Structure formats: C-alpha cells, structure tokens
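J.: To start, I am sharing the structure in question, which I have written as structure tokens.
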Amino acid sequence: MRRRLVFHVVLLTLLVACGRPAETGQSAAPAIRPVHAAPGLTTDSAFAGEVKAAFMHAWEGYVEYAWGHDTLKPLSGGYSDWYSSPLLMTPLDGYDTMVLMGLTQQADSAKALILDHLSFDHDMDVQVFEVTIRLLGGLLSAYQLNGDPRWLTLATDLGNRLLPAFKSKTGMPYRYVNLVTGAPGDSLSNPAEIGTLTLEFGTLSRLTGNPKYMVAVKKAVTQLYDRRSPLGLVGSVIDVNDGHWVNTNSHVGGGIDSYYEYLLKSWLLFDDTDFQHMWETSRDAMNEYVADTVNGHLWYGRVDMNTGKRTGTTSGALQAYLPAVLALGGDLPRAERLMDSEYLMWTTFGVEPESFDYTTMKITSPGYPLRPESLESAYYLYTLTGDERWRDMGEDIFHRIVTATQVANGFADLKDVRTDAKSDRMESFFLAETLKYAYLLADPSALDFDHVIFNTEAHPLHPVPRKTTG
C-alpha cells in the first residue's frame, strides 16, 4: 500500500509539473519491478542541452521540408510517405519526446497537426507491427501524458482497424492488414511481429475497458510460445495459418528481438504471471543456448531452435537492446557484461554497424540507420546502477552519432560506417527513441523510470488498473 500511495503522488507531481491533466481520472497501480532506479541520480545539464539541440535540428528539418508527411529526406530536403496516404509518423513518434524535453511550442504544433489531420480511413495495407509500435504506442503515450481524449479516440479507431489481422487459423496476426476492408496479407511472419503488440493492445484494453484487444494479443503470444522447441527456443519465420516453422534459425536480433522484450514488459506492465512464466523460461533458454563467449566478451549469436547447434556468429546494432531487457529483468551482471561487448562495436568501428562477425570482428552489413538500442541500454544501466561509466559510454555514443550523421537539414542514415556514406532518410524512431534515450540518460529526472514501461519504440506507458463493474 505504501508503494501505491507514493506512486500516486509521483505521477500527480509529474503531470502537474508538465501542465497536463491526468489522463483518465483514475489512479494507476504500480508495476511489478524486479529492480528499481538507483537513488541520487543526477542531471548532466550540458549533455541534456546538446541532445535537445540535436532534437531541434532534426525537428526543424522536418517542419521545413516534410511537414504533414511521414519521413524527412535530409539530404535532398524532401519527404517520403510509407503508404499512399501519410500517417504522420515523425510528429506522432516524436511527440512524447518533445513533452519530456519541455519543448511546449513544438509539442503543441505537432499535436495540432496530428489531431486535425491524422486519419486511418484509408484503403491501404499497412504493416501491423510498425503501425502498432509507432502510431498506436505514440497515441496511447500522448493520451497518458497530455490527457486530451482525442488521442484515445484515434488510438481506439486504429486498434479496431488492426484487429482483423488476428483472424488467422491460429490467432497469430498476419503481417499486413487493410485499414478499411480488414483484408489480411502475408501469412509468413516472425516472433517479433507477432509478439510485439501486447503492451499497446493491452493498454488500449485497460484504457477503454474493452478486453477484446488484450484477448487477441495474448492469444497470439501464447500460440507462438506454445510452438517453441523442446529447448525453449523460437525460430525466425513461422506461418500464422498453420503454425509451422519455415525457418528454425534462433537468435535475439531483428525478427525475434522484441518478442523477448515484450514477454518481460507485459508481465511488468500488466502484472500478468502468464507472461512472467513465458519470459523466465524463454530467458533461460536463450541464455543457455544462444549466448556465446569469445575472447572474454559475451555475445548472443545464432543457433538451430531444435538442436541448439550454432549456426552463426553475427551480432550488431539490433542486438544492443538486450542489456536493457536483461537489466530490467534483474540480471544486472549479465547486462553489464553484454553492454561492454556492445560498446566494443562502437570503439572498433567508430559507429556500430548493422551486423558483424564477433569472432573475426569483420563487418557483414555496414549500414547504420540511426538506431537507438545502444543508447537505450546505456540509459537503463545508468538508471538502475547510478554508475557514471554507463552515462559516459552513452554520451560518447551520442557524440559519435551526431558527428557521423548530422547534415544541414537533419540527420541522415549511414550506408556504410566505414566510409560515412549517407542515405537520404531520417527515420521517425530517431526522434522517438535515439534522442529520447540520450536525453533521459542526461536528465533521468525528466521521467519516473520506476512507474512507466517503454514500448519498443520508446513510448512510455503508465500502468492502468482494470476497470471493474458493479
């Protein structure tokens, strides 16, 4: 009871300080936590100012050249949209970062653009995973931070349009769905795209009082988990219609990564012991079979899900989320060892590559599309330990990113970290994740870490108690 009262006071203080009403008029129960933020965390004002300046540079490029569209093209001074009609990816993804940074004018202009112009009533197929983590997650976080009920109205409309994706024979979602007709597309999917929907759909159920969203996503995750191998591992590609594995390669990188993340976070956000069990058994399996130690460094490579035989020794940018997840789950020693390995990518190559062979330290995919995962893990480790070496590490990573990617109109993806050759694209997650985690690393007081769970796009979600009737 004492923790619950403390949380109510902290959440109210945060909302009042930001000049925003509480989102639902009801108190939120605290999340279960294996670990807590370290006491006495400090703010590095100079570092925070640098991150805020980087955000403003990126945002001003979007406003000038891409306003009303999804993505800035920073080299040519143009824009691109994911689909036939824009879904305002960048302003919606970046909105809660603006709020946390105290950029009130920018947040207000983004809010007006989104609430006045965003519509999901378009006859087009969208990727369920990306639309969920970026747009549904962004809308729910905005509602909880800002309190305007129009955010939740949009979120509910989007959730309803995505629900037909779950009408496969197994209940696992198709990768694509039409926003108007509900027609599905592509029955071949992967654990990440199936299992990275629970935080958003579950929060939508809690906020609306309608259980149908959580029922759909929990069934999907359970169906996927039940098809794990006798070793407890999942593969890379599965057919959602008949549930058979098309590719049995198991790893913790792209295509599987956030499946593990959401098993843990769904337990913590919803206090659901079913997810706790799925997380703990899956964690133990990946630690036993996928983990690999080479030259004293801990990595997670690739193995066959059925035999545990090692099939590859590549790692890279997308694996760098795992120290954060392990730390949040309470395994700080393993998380710290793995973070030291992840940082080796930066000091070896200057900027982390998309992938490399950790036995030879040779790059296998040289791009860097402004990814956030290393900064995410540095933030978690600093916040949970208070050890300044993690903040120093993250600050160095931030400076490397800015030096390598900043251009006149924003920040640009790198085609090749060895040559600094750039691509004409600045993904919305650069504002939603990369710069948010850098800013929170500099100023952890901007958000109460112990009482939010970040979705995989770094949108902070507060726990919401189940609505009761009678």
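How things are named: the first chain in the structure tokens is A, the next is B, and so on; residues count from 1 in each chain; ligands count from 1 in the order shown.
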If you run DSSP on this backbone, which residues of region 115-348 of chain A come out as helix (DSSP H, G or I), and could you give them as a PyMOL selection string?
T.: chain A and resi 115-117+128-146+149-166+191-195+198-208+212-225+257-270+273-290+317-328+332-348
J.: What's the 6 Å shell around region 240-251 of chain A, counting only C-alpha atoms, without same-chain residues fewer than 6 positions away, as JSON, numbers by chain?
T.: {"A": [168, 169, 170, 172, 187, 234, 302, 303, 304, 305]}
J.: So that I can check the surroundings of Tyr262 (chain A), please list as a list in words every protein, DNA and RNA residue that reaches within 10 Å of it, counting only C-alpha atoms and ignoring chain neighbours fewer than 3 positions away.
T.: Ala192, Gly195, Thr196, Leu197, Thr198, Leu199, Val221, Asp257, Ser258, Tyr259, Lys265, Ser266, Trp267, Leu268, Leu269, Phe275, Trp279, Val325, Phe454, Asn455 and Thr456 of chain A
J.: Could you write out that same residue set with N, CA and C atoms as a PDB file, in the first residue's frame?
T.:
ATOM      1  N   ALA A 192       8.936 -11.444 -33.595  1.00  0.00           N
ATOM      2  CA  ALA A 192       8.863 -10.033 -33.224  1.00  0.00           C
ATOM      3  C   ALA A 192       7.552  -9.409 -33.683  1.00  0.00           C
ATOM      4  N   GLY A 195       4.712 -11.002 -31.551  1.00  0.00           N
ATOM      5  CA  GLY A 195       4.760 -10.849 -30.096  1.00  0.00           C
ATOM      6  C   GLY A 195       5.010  -9.453 -29.585  1.00  0.00           C
ATOM      7  N   THR A 196       5.071  -8.456 -30.488  1.00  0.00           N
ATOM      8  CA  THR A 196       5.395  -7.095 -30.053  1.00  0.00           C
ATOM      9  C   THR A 196       4.177  -6.192 -30.205  1.00  0.00           C
ATOM     10  N   LEU A 197       3.040  -6.671 -29.719  1.00  0.00           N
ATOM     11  CA  LEU A 197       1.792  -5.924 -29.815  1.00  0.00           C
ATOM     12  C   LEU A 197       1.076  -5.847 -28.472  1.00  0.00           C
ATOM     13  N   THR A 198       1.558  -6.590 -27.492  1.00  0.00           N
ATOM     14  CA  THR A 198       0.813  -6.750 -26.242  1.00  0.00           C
ATOM     15  C   THR A 198       0.760  -5.480 -25.411  1.00  0.00           C
ATOM     16  N   LEU A 199       1.848  -4.723 -25.335  1.00  0.00           N
ATOM     17  CA  LEU A 199       1.835  -3.522 -24.496  1.00  0.00           C
ATOM     18  C   LEU A 199       0.802  -2.519 -25.002  1.00  0.00           C
ATOM     19  N   VAL A 221       0.375 -14.406 -28.643  1.00  0.00           N
ATOM     20  CA  VAL A 221       1.654 -14.695 -27.997  1.00  0.00           C
ATOM     21  C   VAL A 221       1.669 -16.112 -27.435  1.00  0.00           C
ATOM     22  N   ASP A 257      13.871 -10.186 -31.635  1.00  0.00           N
ATOM     23  CA  ASP A 257      14.276  -9.330 -30.522  1.00  0.00           C
ATOM     24  C   ASP A 257      13.149  -8.893 -29.581  1.00  0.00           C
ATOM     25  N   SER A 258      12.189  -8.133 -30.088  1.00  0.00           N
ATOM     26  CA  SER A 258      11.192  -7.543 -29.202  1.00  0.00           C
ATOM     27  C   SER A 258      10.147  -8.539 -28.715  1.00  0.00           C
ATOM     28  N   TYR A 259      10.125  -9.754 -29.271  1.00  0.00           N
ATOM     29  CA  TYR A 259       9.301 -10.815 -28.689  1.00  0.00           C
ATOM     30  C   TYR A 259       9.760 -11.083 -27.261  1.00  0.00           C
ATOM     31  N   LYS A 265       8.116  -7.241 -20.411  1.00  0.00           N
ATOM     32  CA  LYS A 265       7.423  -5.982 -20.149  1.00  0.00           C
ATOM     33  C   LYS A 265       5.919  -6.175 -19.978  1.00  0.00           C
ATOM     34  N   SER A 266       5.346  -7.178 -20.625  1.00  0.00           N
ATOM     35  CA  SER A 266       3.919  -7.447 -20.432  1.00  0.00           C
ATOM     36  C   SER A 266       3.659  -7.948 -19.020  1.00  0.00           C
ATOM     37  N   TRP A 267       4.568  -8.738 -18.491  1.00  0.00           N
ATOM     38  CA  TRP A 267       4.461  -9.139 -17.089  1.00  0.00           C
ATOM     39  C   TRP A 267       4.503  -7.898 -16.188  1.00  0.00           C
ATOM     40  N   LEU A 268       5.469  -7.024 -16.426  1.00  0.00           N
ATOM     41  CA  LEU A 268       5.655  -5.883 -15.539  1.00  0.00           C
ATOM     42  C   LEU A 268       4.530  -4.865 -15.653  1.00  0.00           C
ATOM     43  N   LEU A 269       4.065  -4.591 -16.876  1.00  0.00           N
ATOM     44  CA  LEU A 269       3.045  -3.558 -17.053  1.00  0.00           C
ATOM     45  C   LEU A 269       1.673  -4.025 -16.590  1.00  0.00           C
ATOM     46  N   PHE A 275       2.694 -14.116 -18.488  1.00  0.00           N
ATOM     47  CA  PHE A 275       3.826 -13.534 -19.207  1.00  0.00           C
ATOM     48  C   PHE A 275       5.116 -13.713 -18.411  1.00  0.00           C
ATOM     49  N   TRP A 279       8.331 -15.365 -20.032  1.00  0.00           N
ATOM     50  CA  TRP A 279       9.605 -14.635 -20.046  1.00  0.00           C
ATOM     51  C   TRP A 279      10.708 -15.456 -19.403  1.00  0.00           C
ATOM     52  N   VAL A 325      17.019  -5.065 -21.505  1.00  0.00           N
ATOM     53  CA  VAL A 325      15.991  -6.037 -21.124  1.00  0.00           C
ATOM     54  C   VAL A 325      16.485  -6.923 -19.982  1.00  0.00           C
ATOM     55  N   PHE A 454       8.478   1.326 -21.184  1.00  0.00           N
ATOM     56  CA  PHE A 454       8.639   1.809 -22.545  1.00  0.00           C
ATOM     57  C   PHE A 454       8.258   0.716 -23.539  1.00  0.00           C
ATOM     58  N   ASN A 455       7.444   1.076 -24.524  1.00  0.00           N
ATOM     59  CA  ASN A 455       7.255   0.112 -25.597  1.00  0.00           C
ATOM     60  C   ASN A 455       8.534   0.063 -26.432  1.00  0.00           C
ATOM     61  N   THR A 456       8.565  -0.778 -27.431  1.00  0.00           N
ATOM     62  CA  THR A 456       9.821  -0.980 -28.157  1.00  0.00           C
ATOM     63  C   THR A 456      10.172   0.219 -29.034  1.00  0.00           C
TER      64      THR A 456
END
J.: Which residues in region 87-198 of chain A does DSSP call strand (DSSP E)? List them as an MDAnalysis selection string.
T.: chainID A and resid 125:127 176:178 184:185 188:189
J.: Considering only C-alpha atoms, can you say which of A:Gly386, A:Pro191, A:Pro173, A:Gly316 comes closest to Tyr358 (chain A)?
T.: A:Gly316
J.: Compare A:Arg391, A:Arg227, A:His399, A:His459 by their minimum atom-to-atom distance to Glu50 (chain A), counting only C-alpha atoms, and give me the closest one.
T.: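 Under the stated criterion, the closest residue is A:His399.
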J.: Of the candidates A:Val417, A:Leu158, A:Val402, A:Leu318, which one gets nearest to Pro353 (chain A) if we count only C-alpha atoms?
T.: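 Comparing A:Val417, A:Leu158, A:Val402, A:Leu318 against Pro353 (chain A), the winner is A:Val417.
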J.: Quick one: of A:Leu384, A:Ala142, A:Leu207, A:Val128, who's nearest to Asp450 (chain A), counting only C-alpha atoms?
T.: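 Closest to Asp450 (chain A), using only C-alpha atoms: A:Leu384.
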J.: Which neighbours of Ser76 (chain A) fall inside 12 Å, counting only C-alpha atoms, when residues of the same chain fewer than 6 positions from it are skipped, and could you give them as a ChimeraX atom specification?
T.: /A:61,65-66,407-412,422-426
J.: Residues as selected, C-alpha atoms, written as a PDB file, in the first residue's frame, can you do that?
T.:
ATOM      1  CA  GLY A  61      14.330  19.984 -40.837  1.00  0.00           C
ATOM      2  CA  TYR A  65      10.779  20.053 -45.701  1.00  0.00           C
ATOM      3  CA  ALA A  66       8.421  17.246 -44.643  1.00  0.00           C
ATOM      4  CA  VAL A 407      23.702  17.185 -42.110  1.00  0.00           C
ATOM      5  CA  ALA A 408      22.294  20.618 -42.941  1.00  0.00           C
ATOM      6  CA  ASN A 409      18.635  19.585 -42.742  1.00  0.00           C
ATOM      7  CA  GLY A 410      18.692  16.952 -40.010  1.00  0.00           C
ATOM      8  CA  PHE A 411      20.447  13.620 -39.523  1.00  0.00           C
ATOM      9  CA  ALA A 412      20.971  11.002 -42.213  1.00  0.00           C
ATOM     10  CA  LYS A 422      24.902   8.556 -46.242  1.00  0.00           C
ATOM     11  CA  SER A 423      21.337   7.690 -47.260  1.00  0.00           C
ATOM     12  CA  ASP A 424      18.587  10.272 -47.759  1.00  0.00           C
ATOM     13  CA  ARG A 425      16.441   9.203 -44.814  1.00  0.00           C
ATOM     14  CA  MET A 426      15.835  10.105 -41.175  1.00  0.00           C
TER      15      MET A 426
END
J.: Would you kindly return, as number ranges by chain, each protein, DNA or RNA residue with an atom no farther than 10 Å from any atom of Leu344 (chain A), considering only C-alpha atoms and excluding same-chain residues fewer than 6 positions away?
T.: A: 297, 338, 350, 352, 361
J.: Calculated over only C-alpha atoms, which of the candidates A:Gln105, A:Thr153, A:Asn295, A:Ser428 has the smallest distance to Leu87 (chain A)?
T.: A:Ser428
J.: So that I can check the surroundings of region 154-156 of chain A, please list as JSON, numbers by chain every protein, DNA and RNA residue that reaches within 12 Å of it, counting only C-alpha atoms and ignoring chain neighbours fewer than 4 positions away.
T.: {"A": [87, 92, 114, 115, 116, 117, 118, 119, 120, 121, 131, 132, 133, 134, 135, 136, 137, 138, 139, 140, 141, 142, 143, 144, 148, 149, 150, 160, 161, 162, 163, 200, 201, 202, 203, 204, 205, 206, 207, 208, 209, 210, 212, 213]}
J.: Write out as an MDAnalysis selection string which residues come within 8 Å of Met124 (chain A) when counting only C-alpha atoms, dropping same-chain ones fewer than 3 positions away.
T.: chainID A and resid 83:84 178:180
J.: What does the file look like for those residues with N, CA and C atoms, as a PDB file, in the first residue's frame?
T.:
ATOM      1  N   TYR A  83       3.054   4.874 -47.072  1.00  0.00           N
ATOM      2  CA  TYR A  83       1.961   4.294 -47.851  1.00  0.00           C
ATOM      3  C   TYR A  83       1.363   5.375 -48.750  1.00  0.00           C
ATOM      4  N   SER A  84       0.255   5.086 -49.377  1.00  0.00           N
ATOM      5  CA  SER A  84      -0.337   6.025 -50.333  1.00  0.00           C
ATOM      6  C   SER A  84      -0.849   7.292 -49.672  1.00  0.00           C
ATOM      7  N   ASN A 178      -5.484  -4.460 -44.278  1.00  0.00           N
ATOM      8  CA  ASN A 178      -6.040  -3.273 -44.923  1.00  0.00           C
ATOM      9  C   ASN A 178      -6.851  -2.483 -43.899  1.00  0.00           C
ATOM     10  N   LEU A 179      -6.600  -1.186 -43.815  1.00  0.00           N
ATOM     11  CA  LEU A 179      -7.220  -0.366 -42.783  1.00  0.00           C
ATOM     12  C   LEU A 179      -8.712  -0.161 -42.995  1.00  0.00           C
ATOM     13  N   VAL A 180      -9.208  -0.382 -44.200  1.00  0.00           N
ATOM     14  CA  VAL A 180     -10.631  -0.204 -44.479  1.00  0.00           C
ATOM     15  C   VAL A 180     -11.355  -1.538 -44.581  1.00  0.00           C
TER      16      VAL A 180
END
J.: Could you work out how far CA of Leu41 (chain A) lies from CA of Asp443 (chain A), giving the answer in Å with one decimal?
T.: 8.7 Å
J.: Report, in Å to a single decimal, how far apart CA of Val35 (chain A) and CA of Glu395 (chain A) are.
T.: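 The value is 23.6 Å.
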J.: Would you mind reading off the distance between CA of Thr405 (chain A) and CA of Gly77 (chain A), one decimal, in Å?
T.: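 Distance between the two atoms: 15.1 Å.
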